[in-house]
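Trainee: So here's final_4.cif, just mmCIF, C-alpha atoms and all ligand atoms:
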```cif
data_run
loop_
_atom_site.label_atom_id
_atom_site.label_comp_id
_atom_site.auth_asym_id
_atom_site.auth_seq_id
_atom_site.Cartn_x
_atom_site.Cartn_y
_atom_site.Cartn_z
CA MET Z 1 -17.57 -28.55 -26.89
CA ALA Z 2 -17.52 -25.04 -28.33
CA GLY Z 3 -20.47 -22.89 -29.27
CA GLU Z 4 -23.28 -24.62 -27.37
CA ASP Z 5 -26.69 -23.07 -27.76
CA ARG Z 6 -30.09 -24.64 -27.09
CA ARG Z 7 -33.04 -22.68 -28.44
CA GLY Z 8 -36.42 -24.29 -27.97
CA ALA Z 9 -36.55 -27.71 -29.53
CA VAL Z 10 -33.58 -27.04 -31.78
CA ALA Z 11 -30.14 -28.13 -30.55
CA ARG Z 12 -27.05 -26.48 -31.99
CA PHE Z 13 -23.40 -27.07 -31.31
CA ALA Z 14 -20.13 -26.55 -33.11
CA LEU Z 15 -17.20 -28.93 -33.52
CA PRO Z 16 -13.87 -27.09 -33.80
CA LEU Z 17 -11.62 -29.16 -36.06
CA GLY Z 18 -8.37 -27.26 -36.41
CA SER Z 19 -8.59 -25.02 -39.45
CA VAL Z 20 -12.28 -25.83 -40.04
CA ARG Z 21 -15.45 -26.16 -37.98
CA THR Z 22 -18.60 -28.21 -38.34
CA ASP Z 23 -21.82 -26.62 -37.10
CA VAL Z 24 -24.54 -29.11 -36.15
CA VAL Z 25 -28.25 -28.26 -35.97
CA ILE Z 26 -30.78 -30.88 -34.83
CA GLY Z 27 -34.54 -30.46 -34.63
CA ARG Z 28 -37.91 -31.12 -36.20
CA ALA Z 29 -39.47 -29.43 -39.25
CA LEU Z 30 -36.05 -27.96 -39.98
CA LEU Z 31 -36.10 -28.40 -43.75
CA ARG Z 32 -38.34 -25.37 -44.20
CA SER Z 33 -35.70 -23.30 -42.34
CA VAL Z 34 -32.84 -24.45 -44.56
CA PRO Z 35 -32.74 -21.20 -46.62
CA GLU Z 36 -32.13 -19.26 -43.37
CA LEU Z 37 -29.75 -21.89 -41.98
CA PHE Z 38 -27.69 -21.70 -45.19
CA ALA Z 39 -27.42 -17.90 -45.05
CA ASP Z 40 -24.16 -17.95 -43.09
CA TYR Z 41 -22.60 -20.41 -45.52
CA ARG Z 42 -23.70 -18.64 -48.69
CA GLY Z 43 -21.08 -19.05 -51.35
CA GLY Z 44 -21.94 -19.55 -54.97
CA ARG Z 45 -24.35 -22.13 -56.25
CA LEU Z 46 -25.74 -25.08 -54.31
CA ILE Z 47 -25.37 -28.53 -55.87
CA LEU Z 48 -27.78 -30.88 -54.08
CA ILE Z 49 -26.67 -34.49 -54.44
CA ALA Z 50 -29.26 -37.13 -53.55
CA ASP Z 51 -30.21 -40.66 -54.52
CA THR Z 52 -33.24 -41.59 -56.59
CA THR Z 53 -35.34 -42.28 -53.45
CA VAL Z 54 -34.55 -39.15 -51.44
CA GLY Z 55 -34.45 -36.90 -54.54
CA PRO Z 56 -38.21 -36.75 -55.16
CA LEU Z 57 -39.08 -37.01 -51.44
CA TYR Z 58 -36.92 -34.20 -50.08
CA ALA Z 59 -34.23 -32.84 -52.44
CA GLU Z 60 -36.60 -31.61 -55.16
CA PRO Z 61 -38.93 -29.76 -52.73
CA LEU Z 62 -35.88 -28.31 -50.96
CA CYS Z 63 -34.42 -27.17 -54.29
CA SER Z 64 -37.68 -25.29 -55.06
CA LEU Z 65 -37.68 -23.72 -51.59
CA LEU Z 66 -34.07 -22.59 -52.01
CA ALA Z 67 -34.85 -21.17 -55.47
CA GLN Z 68 -37.80 -19.20 -54.00
CA ALA Z 69 -35.40 -17.78 -51.41
CA GLY Z 70 -33.05 -16.58 -54.16
CA TYR Z 71 -30.46 -19.37 -54.18
CA ASP Z 72 -29.15 -20.88 -57.40
CA ALA Z 73 -29.66 -24.55 -56.58
CA ARG Z 74 -29.33 -27.63 -58.83
CA ILE Z 75 -29.93 -31.33 -58.18
CA LEU Z 76 -27.78 -34.28 -59.21
CA LEU Z 77 -29.18 -37.78 -58.60
CA PHE Z 78 -27.75 -41.28 -58.63
CA PRO Z 79 -29.41 -44.70 -58.08
CA ALA Z 80 -30.14 -45.53 -54.44
CA GLY Z 81 -28.14 -48.31 -52.78
CA GLU Z 82 -24.69 -49.43 -51.71
CA ASP Z 83 -23.86 -50.51 -55.30
CA SER Z 84 -23.67 -46.81 -56.18
CA LYS Z 85 -20.89 -46.24 -53.63
CA SER Z 86 -18.14 -46.42 -56.24
CA MET Z 87 -15.62 -44.24 -58.01
CA ASP Z 88 -17.75 -44.58 -61.17
CA THR Z 89 -20.55 -42.65 -59.46
CA VAL Z 90 -18.12 -40.05 -58.09
CA VAL Z 91 -16.51 -39.51 -61.51
CA ARG Z 92 -19.91 -39.21 -63.20
CA LEU Z 93 -21.06 -36.61 -60.66
CA CYS Z 94 -17.78 -34.68 -61.03
CA ALA Z 95 -18.36 -34.69 -64.81
CA ASP Z 96 -21.90 -33.36 -64.20
CA CYS Z 97 -20.44 -30.59 -61.98
CA CYS Z 98 -17.97 -29.76 -64.74
CA ALA Z 99 -20.77 -29.61 -67.35
CA LEU Z 100 -22.71 -27.24 -65.05
CA GLY Z 101 -19.64 -25.03 -64.67
CA VAL Z 102 -19.48 -25.58 -60.90
CA ASP Z 103 -16.52 -23.67 -59.43
CA ARG Z 104 -14.66 -23.41 -56.15
CA ASP Z 105 -17.12 -20.93 -54.63
CA ASP Z 106 -19.96 -23.42 -54.99
CA THR Z 107 -21.24 -25.85 -52.35
CA VAL Z 108 -22.09 -29.54 -52.54
CA VAL Z 109 -25.07 -30.41 -50.32
CA ALA Z 110 -25.41 -34.14 -49.54
CA MET Z 111 -29.05 -35.02 -48.87
CA GLY Z 112 -29.78 -38.64 -48.00
CA GLY Z 113 -28.40 -41.65 -46.20
CA GLY Z 114 -24.82 -42.64 -45.48
CA VAL Z 115 -24.23 -43.64 -49.10
CA VAL Z 116 -25.13 -40.17 -50.36
CA GLY Z 117 -22.98 -38.56 -47.64
CA ASP Z 118 -20.00 -40.68 -48.67
CA VAL Z 119 -20.42 -40.20 -52.43
CA ALA Z 120 -21.22 -36.47 -52.26
CA GLY Z 121 -18.38 -35.99 -49.77
CA MET Z 122 -15.96 -37.55 -52.24
CA VAL Z 123 -17.22 -35.18 -54.95
CA ALA Z 124 -16.88 -32.19 -52.60
CA GLY Z 125 -13.39 -33.33 -51.58
CA MET Z 126 -12.05 -34.08 -55.05
CA TYR Z 127 -13.75 -31.77 -57.53
CA MET Z 128 -11.33 -28.87 -58.21
CA ARG Z 129 -9.30 -30.20 -55.22
CA GLY Z 130 -12.20 -29.49 -52.93
CA ILE Z 131 -15.25 -27.25 -52.68
CA ASN Z 132 -17.63 -26.40 -49.80
CA PHE Z 133 -19.63 -29.23 -48.28
CA ILE Z 134 -22.88 -29.41 -46.27
CA GLN Z 135 -24.68 -32.55 -45.06
CA ILE Z 136 -28.43 -33.06 -44.60
CA PRO Z 137 -28.71 -36.69 -43.45
CA THR Z 138 -32.15 -38.28 -43.88
CA SER Z 139 -31.47 -41.85 -42.67
CA LEU Z 140 -30.92 -42.79 -39.04
CA VAL Z 141 -27.44 -44.16 -39.86
CA GLY Z 142 -26.63 -40.84 -41.52
CA MET Z 143 -27.95 -38.83 -38.58
CA VAL Z 144 -26.38 -40.88 -35.81
CA THR Z 145 -22.90 -41.15 -37.25
CA ALA Z 146 -22.17 -40.81 -40.97
CA ALA Z 147 -22.80 -37.09 -41.43
CA VAL Z 148 -20.30 -35.95 -38.79
CA GLY Z 149 -16.58 -36.67 -38.69
CA GLY Z 150 -15.42 -35.93 -42.23
CA LYS Z 151 -14.63 -39.49 -43.28
CA VAL Z 152 -16.00 -40.02 -46.77
CA GLY Z 153 -15.26 -42.89 -49.08
CA VAL Z 154 -16.38 -45.42 -51.65
CA ASN Z 155 -15.99 -49.17 -52.05
CA LEU Z 156 -13.42 -50.74 -54.34
CA GLY Z 157 -15.21 -53.84 -55.57
CA HIS Z 158 -15.96 -55.75 -52.36
CA HIS Z 159 -13.41 -53.76 -50.37
CA LYS Z 160 -15.46 -51.52 -48.11
CA ASN Z 161 -14.58 -47.80 -48.01
CA MET Z 162 -11.17 -48.58 -49.51
CA ILE Z 163 -10.91 -45.23 -51.36
CA GLY Z 164 -11.60 -42.14 -49.34
CA LEU Z 165 -10.53 -38.85 -47.87
CA PHE Z 166 -11.38 -36.38 -45.12
CA LYS Z 167 -13.94 -33.74 -45.97
CA HIS Z 168 -15.49 -32.14 -42.92
CA PRO Z 169 -18.87 -30.54 -43.63
CA LEU Z 170 -19.29 -26.87 -42.72
CA LEU Z 171 -22.83 -27.56 -41.57
CA VAL Z 172 -24.91 -30.63 -40.69
CA VAL Z 173 -28.69 -30.17 -40.59
CA VAL Z 174 -30.59 -33.05 -38.95
CA ASP Z 175 -34.35 -32.84 -39.44
CA VAL Z 176 -35.67 -35.77 -37.41
CA ASP Z 177 -39.04 -35.52 -39.21
CA THR Z 178 -37.49 -36.95 -42.38
CA LEU Z 179 -37.30 -40.30 -40.58
CA ALA Z 180 -41.10 -40.57 -41.00
CA THR Z 181 -40.59 -41.96 -44.52
CA LEU Z 182 -37.59 -44.18 -43.71
CA PRO Z 183 -38.41 -47.91 -44.18
CA THR Z 184 -38.57 -49.89 -40.92
CA ASP Z 185 -35.50 -52.02 -41.71
CA GLU Z 186 -33.48 -48.82 -42.28
CA VAL Z 187 -34.66 -47.47 -38.92
CA ARG Z 188 -33.53 -50.73 -37.29
CA SER Z 189 -30.19 -50.44 -39.10
CA GLY Z 190 -29.75 -46.95 -37.59
CA LEU Z 191 -30.65 -48.28 -34.15
CA GLY Z 192 -27.74 -50.71 -34.54
CA GLU Z 193 -25.37 -47.75 -34.96
CA LEU Z 194 -27.09 -45.82 -32.16
CA ILE Z 195 -26.74 -48.57 -29.56
CA THR Z 196 -23.11 -49.09 -30.63
CA VAL Z 197 -22.31 -45.42 -30.01
CA GLY Z 198 -23.96 -45.83 -26.61
CA VAL Z 199 -21.76 -48.80 -25.71
CA LEU Z 200 -18.55 -47.19 -26.91
CA GLY Z 201 -18.91 -43.79 -25.29
CA ALA Z 202 -22.40 -42.66 -24.27
CA PRO Z 203 -23.82 -45.09 -21.67
CA ALA Z 204 -26.92 -42.91 -21.17
CA ILE Z 205 -28.00 -43.80 -24.74
CA PHE Z 206 -27.78 -47.47 -23.78
CA THR Z 207 -29.60 -47.19 -20.47
CA VAL Z 208 -32.39 -44.99 -21.88
CA ILE Z 209 -33.02 -47.46 -24.72
CA GLU Z 210 -32.72 -50.38 -22.30
CA SER Z 211 -35.41 -48.97 -20.02
CA ASP Z 212 -37.70 -47.02 -22.40
CA GLY Z 213 -36.84 -48.14 -25.93
CA PRO Z 214 -35.83 -45.61 -28.61
CA ARG Z 215 -38.70 -43.20 -27.85
CA ASP Z 216 -37.14 -39.75 -28.07
CA LEU Z 217 -35.06 -40.13 -31.19
CA GLN Z 218 -34.13 -36.45 -31.35
CA GLU Z 219 -32.53 -36.60 -27.92
CA LEU Z 220 -30.78 -39.90 -28.68
CA ILE Z 221 -29.42 -38.62 -32.03
CA GLU Z 222 -28.12 -35.49 -30.33
CA ALA Z 223 -26.40 -37.58 -27.63
CA ALA Z 224 -24.83 -39.81 -30.29
CA LEU Z 225 -23.57 -36.86 -32.34
CA ARG Z 226 -22.15 -35.14 -29.26
CA CYS Z 227 -20.38 -38.39 -28.33
CA LYS Z 228 -18.94 -38.90 -31.83
CA GLY Z 229 -18.07 -35.19 -31.88
CA ARG Z 230 -15.84 -35.59 -28.80
CA PHE Z 231 -13.71 -38.21 -30.57
CA VAL Z 232 -13.64 -36.23 -33.83
CA VAL Z 233 -12.62 -32.96 -32.14
CA ALA Z 234 -9.82 -34.81 -30.32
CA ASP Z 235 -8.52 -36.34 -33.56
CA PRO Z 236 -10.08 -34.63 -36.63
CA GLU Z 237 -8.09 -36.61 -39.22
CA ASP Z 238 -7.66 -39.86 -37.30
CA ARG Z 239 -3.91 -39.38 -36.83
CA HIS Z 240 -3.60 -40.27 -33.13
CA GLY Z 241 -5.62 -43.45 -32.91
CA ILE Z 242 -8.33 -41.82 -30.76
CA ARG Z 243 -11.03 -42.33 -33.36
CA ALA Z 244 -10.23 -46.03 -33.59
CA GLN Z 245 -12.58 -46.44 -30.60
CA LEU Z 246 -15.49 -45.42 -32.84
CA ASN Z 247 -14.93 -48.64 -34.78
CA LEU Z 248 -16.53 -50.82 -32.10
CA GLY Z 249 -18.40 -53.56 -33.99
CA HIS Z 250 -17.21 -52.29 -37.36
CA THR Z 251 -14.28 -54.64 -38.09
CA PHE Z 252 -16.63 -57.60 -37.65
CA GLY Z 253 -19.43 -55.66 -39.35
CA HIS Z 254 -17.46 -54.69 -42.46
CA ALA Z 255 -16.35 -58.32 -42.91
CA LEU Z 256 -19.98 -59.50 -42.75
CA GLU Z 257 -21.10 -56.78 -45.17
CA LYS Z 258 -18.36 -57.80 -47.58
CA LEU Z 259 -19.11 -61.55 -47.36
CA SER Z 260 -22.81 -60.85 -47.95
CA GLY Z 261 -21.99 -58.84 -51.08
CA PHE Z 262 -23.34 -55.80 -49.18
CA GLN Z 263 -26.77 -57.44 -48.81
CA VAL Z 264 -26.66 -57.14 -44.99
CA PRO Z 265 -27.58 -53.54 -44.09
CA HIS Z 266 -24.70 -51.63 -42.48
CA GLY Z 267 -26.34 -51.19 -39.07
CA PHE Z 268 -27.35 -54.88 -38.90
CA ALA Z 269 -23.74 -55.90 -39.57
CA VAL Z 270 -22.56 -53.45 -36.90
CA ALA Z 271 -25.12 -54.85 -34.42
CA ILE Z 272 -23.78 -58.38 -34.94
CA GLY Z 273 -20.25 -56.95 -34.64
CA LEU Z 274 -21.13 -55.17 -31.39
CA HIS Z 275 -22.49 -58.38 -29.92
CA LEU Z 276 -19.41 -60.37 -31.03
CA ALA Z 277 -17.08 -57.73 -29.56
CA CYS Z 278 -18.95 -57.98 -26.24
CA ARG Z 279 -18.78 -61.80 -26.23
CA LEU Z 280 -15.08 -61.79 -27.16
CA ALA Z 281 -14.37 -59.23 -24.42
CA ALA Z 282 -16.34 -61.34 -21.94
CA GLY Z 283 -14.39 -64.44 -23.03
CA MET Z 284 -11.14 -62.56 -22.36
CA GLY Z 285 -12.35 -61.47 -18.93
CA ILE Z 286 -12.33 -57.78 -19.97
CA LEU Z 287 -16.12 -57.29 -19.79
CA PRO Z 288 -18.51 -58.85 -17.28
CA VAL Z 289 -20.63 -61.56 -18.92
CA ALA Z 290 -23.69 -59.87 -17.38
CA THR Z 291 -22.93 -56.70 -19.42
CA ALA Z 292 -22.58 -58.73 -22.63
CA ASP Z 293 -25.95 -60.32 -21.76
CA ARG Z 294 -27.51 -56.85 -21.33
CA VAL Z 295 -26.25 -55.76 -24.75
CA HIS Z 296 -27.58 -59.01 -26.23
CA ARG Z 297 -31.03 -58.40 -24.67
CA VAL Z 298 -31.23 -54.80 -25.90
CA LEU Z 299 -30.23 -55.79 -29.46
CA ILE Z 300 -32.94 -58.45 -29.48
CA ALA Z 301 -35.50 -56.01 -28.05
CA LEU Z 302 -34.68 -53.71 -31.00
CA ASP Z 303 -35.20 -56.67 -33.36
CA LEU Z 304 -31.57 -56.49 -34.43
CA PRO Z 305 -29.45 -59.47 -35.45
CA VAL Z 306 -27.00 -60.89 -32.93
CA THR Z 307 -25.75 -64.11 -34.53
CA VAL Z 308 -23.15 -64.62 -37.22
CA PRO Z 309 -24.26 -65.67 -40.70
CA ALA Z 310 -22.91 -69.09 -41.75
CA TYR Z 311 -19.94 -67.86 -43.73
CA GLY Z 312 -17.49 -69.91 -41.64
CA ALA Z 313 -15.37 -68.48 -38.85
CA GLU Z 314 -12.08 -68.69 -40.83
CA ARG Z 315 -13.54 -66.82 -43.80
CA ILE Z 316 -14.87 -64.11 -41.53
CA VAL Z 317 -11.46 -63.64 -39.89
CA GLU Z 318 -9.84 -63.55 -43.35
CA ALA Z 319 -12.35 -60.89 -44.44
CA MET Z 320 -11.64 -58.95 -41.21
CA ARG Z 321 -7.93 -58.99 -42.10
CA GLY Z 322 -8.86 -57.23 -45.35
CA ASP Z 323 -10.26 -54.30 -43.31
CA LYS Z 324 -8.26 -51.15 -43.85
CA LYS Z 325 -7.86 -50.73 -40.08
CA ARG Z 326 -5.31 -53.56 -39.95
CA ARG Z 327 -1.76 -52.67 -38.94
CA GLN Z 328 1.20 -54.61 -40.39
CA GLY Z 329 -1.20 -57.32 -41.50
CA ARG Z 330 -2.58 -57.78 -37.96
CA LEU Z 331 -6.13 -57.15 -36.85
CA ARG Z 332 -6.94 -54.45 -34.36
CA LEU Z 333 -10.11 -55.01 -32.41
CA VAL Z 334 -12.15 -52.57 -30.36
CA LEU Z 335 -13.51 -54.27 -27.26
CA PRO Z 336 -15.82 -52.90 -24.57
CA ARG Z 337 -14.55 -52.83 -20.99
CA ALA Z 338 -17.75 -51.41 -19.52
CA LEU Z 339 -20.78 -49.58 -20.86
CA GLY Z 340 -19.30 -46.39 -22.33
CA GLU Z 341 -15.68 -47.54 -22.27
CA VAL Z 342 -13.66 -49.43 -24.89
CA ILE Z 343 -10.07 -50.47 -25.50
CA VAL Z 344 -8.27 -51.20 -28.76
CA VAL Z 345 -6.32 -54.48 -28.82
CA ASP Z 346 -3.99 -56.14 -31.28
CA GLU Z 347 -5.03 -59.63 -32.39
CA ASN Z 348 -1.91 -60.95 -30.63
CA ASP Z 349 -3.57 -59.88 -27.36
CA VAL Z 350 -6.51 -62.20 -28.07
CA PRO Z 351 -5.94 -65.79 -26.85
CA THR Z 352 -5.33 -68.15 -29.77
CA GLY Z 353 -8.54 -69.68 -30.97
CA LEU Z 354 -10.88 -67.49 -28.89
CA LEU Z 355 -11.83 -65.31 -31.86
CA LEU Z 356 -12.70 -68.38 -33.96
CA GLU Z 357 -14.49 -69.97 -31.01
CA THR Z 358 -16.57 -66.84 -30.44
CA LEU Z 359 -17.52 -66.61 -34.12
CA THR Z 360 -18.48 -70.29 -34.12
CA ALA Z 361 -20.36 -70.19 -30.81
CA TRP Z 362 -22.54 -67.33 -32.03
CA GLY Z 363 -23.01 -68.69 -35.57
CA ALA Z 364 -26.38 -69.18 -37.20
CA GLU Z 365 -27.75 -70.54 -40.42
CA ILE Z 366 -28.69 -68.07 -43.12
CA ARG Z 367 -32.40 -68.37 -43.68
CA PRO Z 368 -33.79 -67.27 -47.02
CA GLY Z 369 -36.01 -64.19 -46.77
CA ARG Z 370 -34.63 -63.08 -43.43
CA PRO Z 371 -31.63 -60.87 -42.75
CA PRO Z 372 -28.77 -63.19 -41.83
CA GLY Z 373 -28.15 -63.70 -38.15
CA ARG Z 374 -31.40 -62.23 -36.91
CA SER Z 375 -32.31 -62.33 -33.32
CA GLY Z 376 -33.09 -64.96 -30.87
CA GLN Z 377 -30.71 -67.77 -31.73
N1 LIG A 1 -18.65 -41.81 -43.58
C1 LIG A 1 -18.97 -42.29 -42.40
O1 LIG A 1 -18.48 -41.85 -41.37
C2 LIG A 1 -19.99 -43.39 -42.32
C3 LIG A 1 -20.47 -43.80 -41.07
C4 LIG A 1 -21.43 -44.80 -41.03
C5 LIG A 1 -21.90 -45.37 -42.20
N2 LIG A 1 -21.38 -44.95 -43.40
C6 LIG A 1 -21.84 -45.55 -44.65
O2 LIG A 1 -23.22 -45.26 -44.81
C7 LIG A 1 -23.82 -46.30 -45.57
C8 LIG A 1 -25.06 -46.75 -44.86
O3 LIG A 1 -25.91 -45.64 -44.71
P1 LIG A 1 -27.48 -45.83 -44.74
O4 LIG A 1 -27.84 -46.94 -43.87
O5 LIG A 1 -28.07 -44.49 -44.54
O6 LIG A 1 -27.72 -46.38 -46.22
P2 LIG A 1 -28.28 -45.65 -47.53
O7 LIG A 1 -27.65 -44.35 -47.74
O8 LIG A 1 -28.17 -46.66 -48.63
O9 LIG A 1 -29.80 -45.40 -47.18
C9 LIG A 1 -30.63 -46.52 -46.99
C10 LIG A 1 -31.88 -46.41 -47.86
O10 LIG A 1 -32.78 -45.49 -47.26
C11 LIG A 1 -33.20 -44.53 -48.23
N3 LIG A 1 -33.51 -43.31 -47.49
C12 LIG A 1 -32.65 -42.48 -46.86
N4 LIG A 1 -33.32 -41.54 -46.19
C13 LIG A 1 -34.63 -41.78 -46.41
C14 LIG A 1 -35.84 -41.17 -45.96
N5 LIG A 1 -35.83 -40.16 -45.09
N6 LIG A 1 -37.01 -41.67 -46.40
C15 LIG A 1 -37.04 -42.77 -47.23
N7 LIG A 1 -35.94 -43.39 -47.66
C16 LIG A 1 -34.75 -42.90 -47.25
C17 LIG A 1 -32.06 -44.45 -49.19
O11 LIG A 1 -32.50 -43.96 -50.44
C18 LIG A 1 -31.61 -45.90 -49.27
O12 LIG A 1 -32.43 -46.59 -50.17
C19 LIG A 1 -22.79 -47.39 -45.72
O13 LIG A 1 -22.21 -47.32 -46.99
C20 LIG A 1 -21.76 -47.05 -44.66
O14 LIG A 1 -20.48 -47.51 -44.99
C21 LIG A 1 -20.47 -43.97 -43.47
#
```
When written as structure tokens, how does the structure in this file appear?

Mentor:
Amino acid sequence: MAGEDRRGAVARFALPLGSVRTDVVIGRALLRSVPELFADYRGGRLILIADTTVGPLYAEPLCSLLAQAGYDARILLFPAGEDSKSMDTVVRLCADCCALGVDRDDTVVAMGGGVVGDVAGMVAGMYMRGINFIQIPTSLVGMVTAAVGGKVGVNLGHHKNMIGLFKHPLLVVVDVDTLATLPTDEVRSGLGELITVGVLGAPAIFTVIESDGPRDLQELIEAALRCKGRFVVADPEDRHGIRAQLNLGHTFGHALEKLSGFQVPHGFAVAIGLHLACRLAAGMGILPVATADRVHRVLIALDLPVTVPAYGAERIVEAMRGDKKRRQGRLRLVLPRALGEVIVVDENDVPTGLLLETLTAWGAEIRPGRPPGRSGQ
């Protein structure tokens, strides 16, 4: 990876992506250094886009800090939650940019979780055919995966991420201290993504969490971003199928999110999907059962769900077929072969009935008041 530089507790690296480059900075108490960090990217005005939770917590104080440092910074907010991940929100924010006279020299700064990154990325990619884009993720899902890689998108009704584009950020600033205010369930959701990245390409993440738990989050986030970065650098716009490997757990996960009406948090759905992918791979003889058992144990230790909500195996497969990663109407599944190694298979490669059997074998009842499919069953 180009441009490596470790200074004190702050990690920096750059992802060369053809005609563009994403610089990544990870550390603690970084928000107060944002005016200096932005100096190299100074264009025109800064349009901070945040949701109604992160706005008052972090975006408003950051806007004041930037103003004190001589930046012209404005904030645009939208209601927190997956329901806001729609073209309606994107169009409204573009109209706000238009009313403010935002032009092509200006920069959209996404500050928040994965939803804000996706929505703000769409604004940055579409407004005036694209303006500068910076990401400051504040959720663990955002830090571990969403902020890097340039995929931004919104849902079309219940169709997850069906409208989207590539908009690589120029800069990603990860201040791990912002996790202090993240609700516990959101931290667990991020751990679902983190462990999945470990299984698909960074086994050290898995083994560290397996032996010590998620103690040093800064180090684990850096390892996850470096791992994702390798796939993204190899295939910046997902043209060669390399990035498909990053979808481990996600085809199952997106189907469960969709069937729950987006009530199951993203990382929970991915955790269930990771476990199912391991069990399916074990059933096919691709992955040792003992490795699937290890993944199962770690997910439970992190208090993540492992069992499938009672939507019915056929409905889940039908919802998986609606995933945009299908090819010629057939499912493509990412399956682990070992810790840190996955393969992508066509559904024709999966023995008839095994997918349905796996979904049924790991099914669970939905219990009111608990996230569907939570641990232990
Ligand atoms: N584009 C990508 O590559 C990519 C990758 C993974 C996930 N995603 C998308 O990201 C979304 C999930 O992201 P998410 O889990 O961050 O959800 P989210 O953005 O809805 O954030 C979860 C909640 O946490 C709040 N929050 C965020 N940071 C906070 C903080 N520091 N303190 C207090 N509250 C905070 C948010 O306001 C929100 O209420 C999904 O829509 C998923 O599809 C995108």

Trainee: From the list Z:Glu186, Z:Val115, Z:Met320, Z:Val298, which residue is nearest Phe206 (chain Z) when using only C-alpha atoms?

Mentor: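 Closest to Phe206 (chain Z) of all the choices is Z:Val298.
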
Trainee: Using all atoms listed in the file, what table do you get, as JSON lines, when you list each residue of chain Z with an atom no more than 6 Å from ligand LIG 1 (chain A), its nearest pair of atoms, and their distance in Å rounded to one decimal, rows by chain then rising number?

Mentor:
```
{"residue": "Z:Asp51", "atom": "CA", "partner": "A:LIG1", "partner_atom": "O11", "distance": 5.7}
{"residue": "Z:Thr53", "atom": "CA", "partner": "A:LIG1", "partner_atom": "O11", "distance": 4.5}
{"residue": "Z:Val54", "atom": "CA", "partner": "A:LIG1", "partner_atom": "O11", "distance": 5.3}
{"residue": "Z:Ala80", "atom": "CA", "partner": "A:LIG1", "partner_atom": "O11", "distance": 4.9}
{"residue": "Z:Gly81", "atom": "CA", "partner": "A:LIG1", "partner_atom": "O8", "distance": 4.5}
{"residue": "Z:Glu82", "atom": "CA", "partner": "A:LIG1", "partner_atom": "O8", "distance": 5.4}
{"residue": "Z:Gly112", "atom": "CA", "partner": "A:LIG1", "partner_atom": "N4", "distance": 4.9}
{"residue": "Z:Gly113", "atom": "CA", "partner": "A:LIG1", "partner_atom": "O7", "distance": 3.2}
{"residue": "Z:Gly114", "atom": "CA", "partner": "A:LIG1", "partner_atom": "O2", "distance": 3.1}
{"residue": "Z:Val115", "atom": "CA", "partner": "A:LIG1", "partner_atom": "O7", "distance": 3.7}
{"residue": "Z:Val116", "atom": "CA", "partner": "A:LIG1", "partner_atom": "O7", "distance": 5.5}
{"residue": "Z:Asp118", "atom": "CA", "partner": "A:LIG1", "partner_atom": "N1", "distance": 5.4}
{"residue": "Z:Thr138", "atom": "CA", "partner": "A:LIG1", "partner_atom": "N4", "distance": 4.2}
{"residue": "Z:Ser139", "atom": "CA", "partner": "A:LIG1", "partner_atom": "N4", "distance": 4.0}
{"residue": "Z:Val141", "atom": "CA", "partner": "A:LIG1", "partner_atom": "O5", "distance": 4.7}
{"residue": "Z:Gly142", "atom": "CA", "partner": "A:LIG1", "partner_atom": "O5", "distance": 5.0}
{"residue": "Z:Thr145", "atom": "CA", "partner": "A:LIG1", "partner_atom": "C3", "distance": 5.2}
{"residue": "Z:Ala146", "atom": "CA", "partner": "A:LIG1", "partner_atom": "C3", "distance": 3.4}
{"residue": "Z:Lys151", "atom": "CA", "partner": "A:LIG1", "partner_atom": "N1", "distance": 4.7}
{"residue": "Z:Val152", "atom": "CA", "partner": "A:LIG1", "partner_atom": "N1", "distance": 4.5}
{"residue": "Z:Thr178", "atom": "CA", "partner": "A:LIG1", "partner_atom": "N5", "distance": 4.5}
{"residue": "Z:Leu179", "atom": "CA", "partner": "A:LIG1", "partner_atom": "N5", "distance": 4.7}
{"residue": "Z:Thr181", "atom": "CA", "partner": "A:LIG1", "partner_atom": "N6", "distance": 4.1}
{"residue": "Z:Leu182", "atom": "CA", "partner": "A:LIG1", "partner_atom": "N6", "distance": 3.7}
{"residue": "Z:Glu186", "atom": "CA", "partner": "A:LIG1", "partner_atom": "C9", "distance": 6.0}
{"residue": "Z:His266", "atom": "CA", "partner": "A:LIG1", "partner_atom": "C8", "distance": 5.4}
```

Trainee: Check which residues of region 231-260 of chain Z sit at most 10 Å from region 159-163 of chain Z using all atoms listed in the file, and return one row each with the closest pair of atoms and their distance in Å to one decimal, ordered by chain and rising number, as CSV.

Mentor:
```
residue,atom,partner,partner_atom,distance
Z:His254,CA,Z:Lys160,CA,6.8
Z:Ala255,CA,Z:Lys160,CA,8.6
Z:Glu257,CA,Z:Lys160,CA,8.3
Z:Lys258,CA,Z:Lys160,CA,6.9
```

Trainee: Show me the residues close to (-39.2, -24.6, -40.5) - anything with an atom within 12 Å, counting all atoms listed in the file - and format the list as a PyMOL selection string.

Mentor: chain Z and resi 9-10+26-37+62+65+173+175+177

Trainee: So which one's closest to Asp238 (chain Z), Z:Ile286, Z:Leu17, Z:Leu359, Z:Asp303? Using all atoms listed in the file, please.

Mentor: Z:Leu17

Trainee: How many Å separate CA of Ala319 (chain Z) from CA of Asn348 (chain Z)?

Mentor: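 Straight-line distance from CA of Ala319 (chain Z) to CA of Asn348 (chain Z) works out to 17.3 Å.
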
Trainee: Given only C-alpha atoms, how would the per-residue table for region 152-259 of chain Z near region 337-344 of chain Z read, listing every residue at most 9 Å away with its closest atom pair and distance in Å to one decimal, sorted by chain and number, as CSV?

Mentor:
```
residue,atom,partner,partner_atom,distance
Z:Val197,CA,Z:Gly340,CA,8.3
Z:Gly198,CA,Z:Gly340,CA,6.4
Z:Val199,CA,Z:Gly340,CA,4.8
Z:Leu200,CA,Z:Gly340,CA,4.7
Z:Gly201,CA,Z:Gly340,CA,4.0
Z:Ala202,CA,Z:Gly340,CA,5.2
Z:Pro203,CA,Z:Gly340,CA,4.7
Z:Ala204,CA,Z:Gly340,CA,8.5
Z:Phe206,CA,Z:Leu339,CA,7.9
Z:Ala244,CA,Z:Val344,CA,7.3
Z:Gln245,CA,Z:Val342,CA,6.5
Z:Leu248,CA,Z:Val342,CA,7.9
```
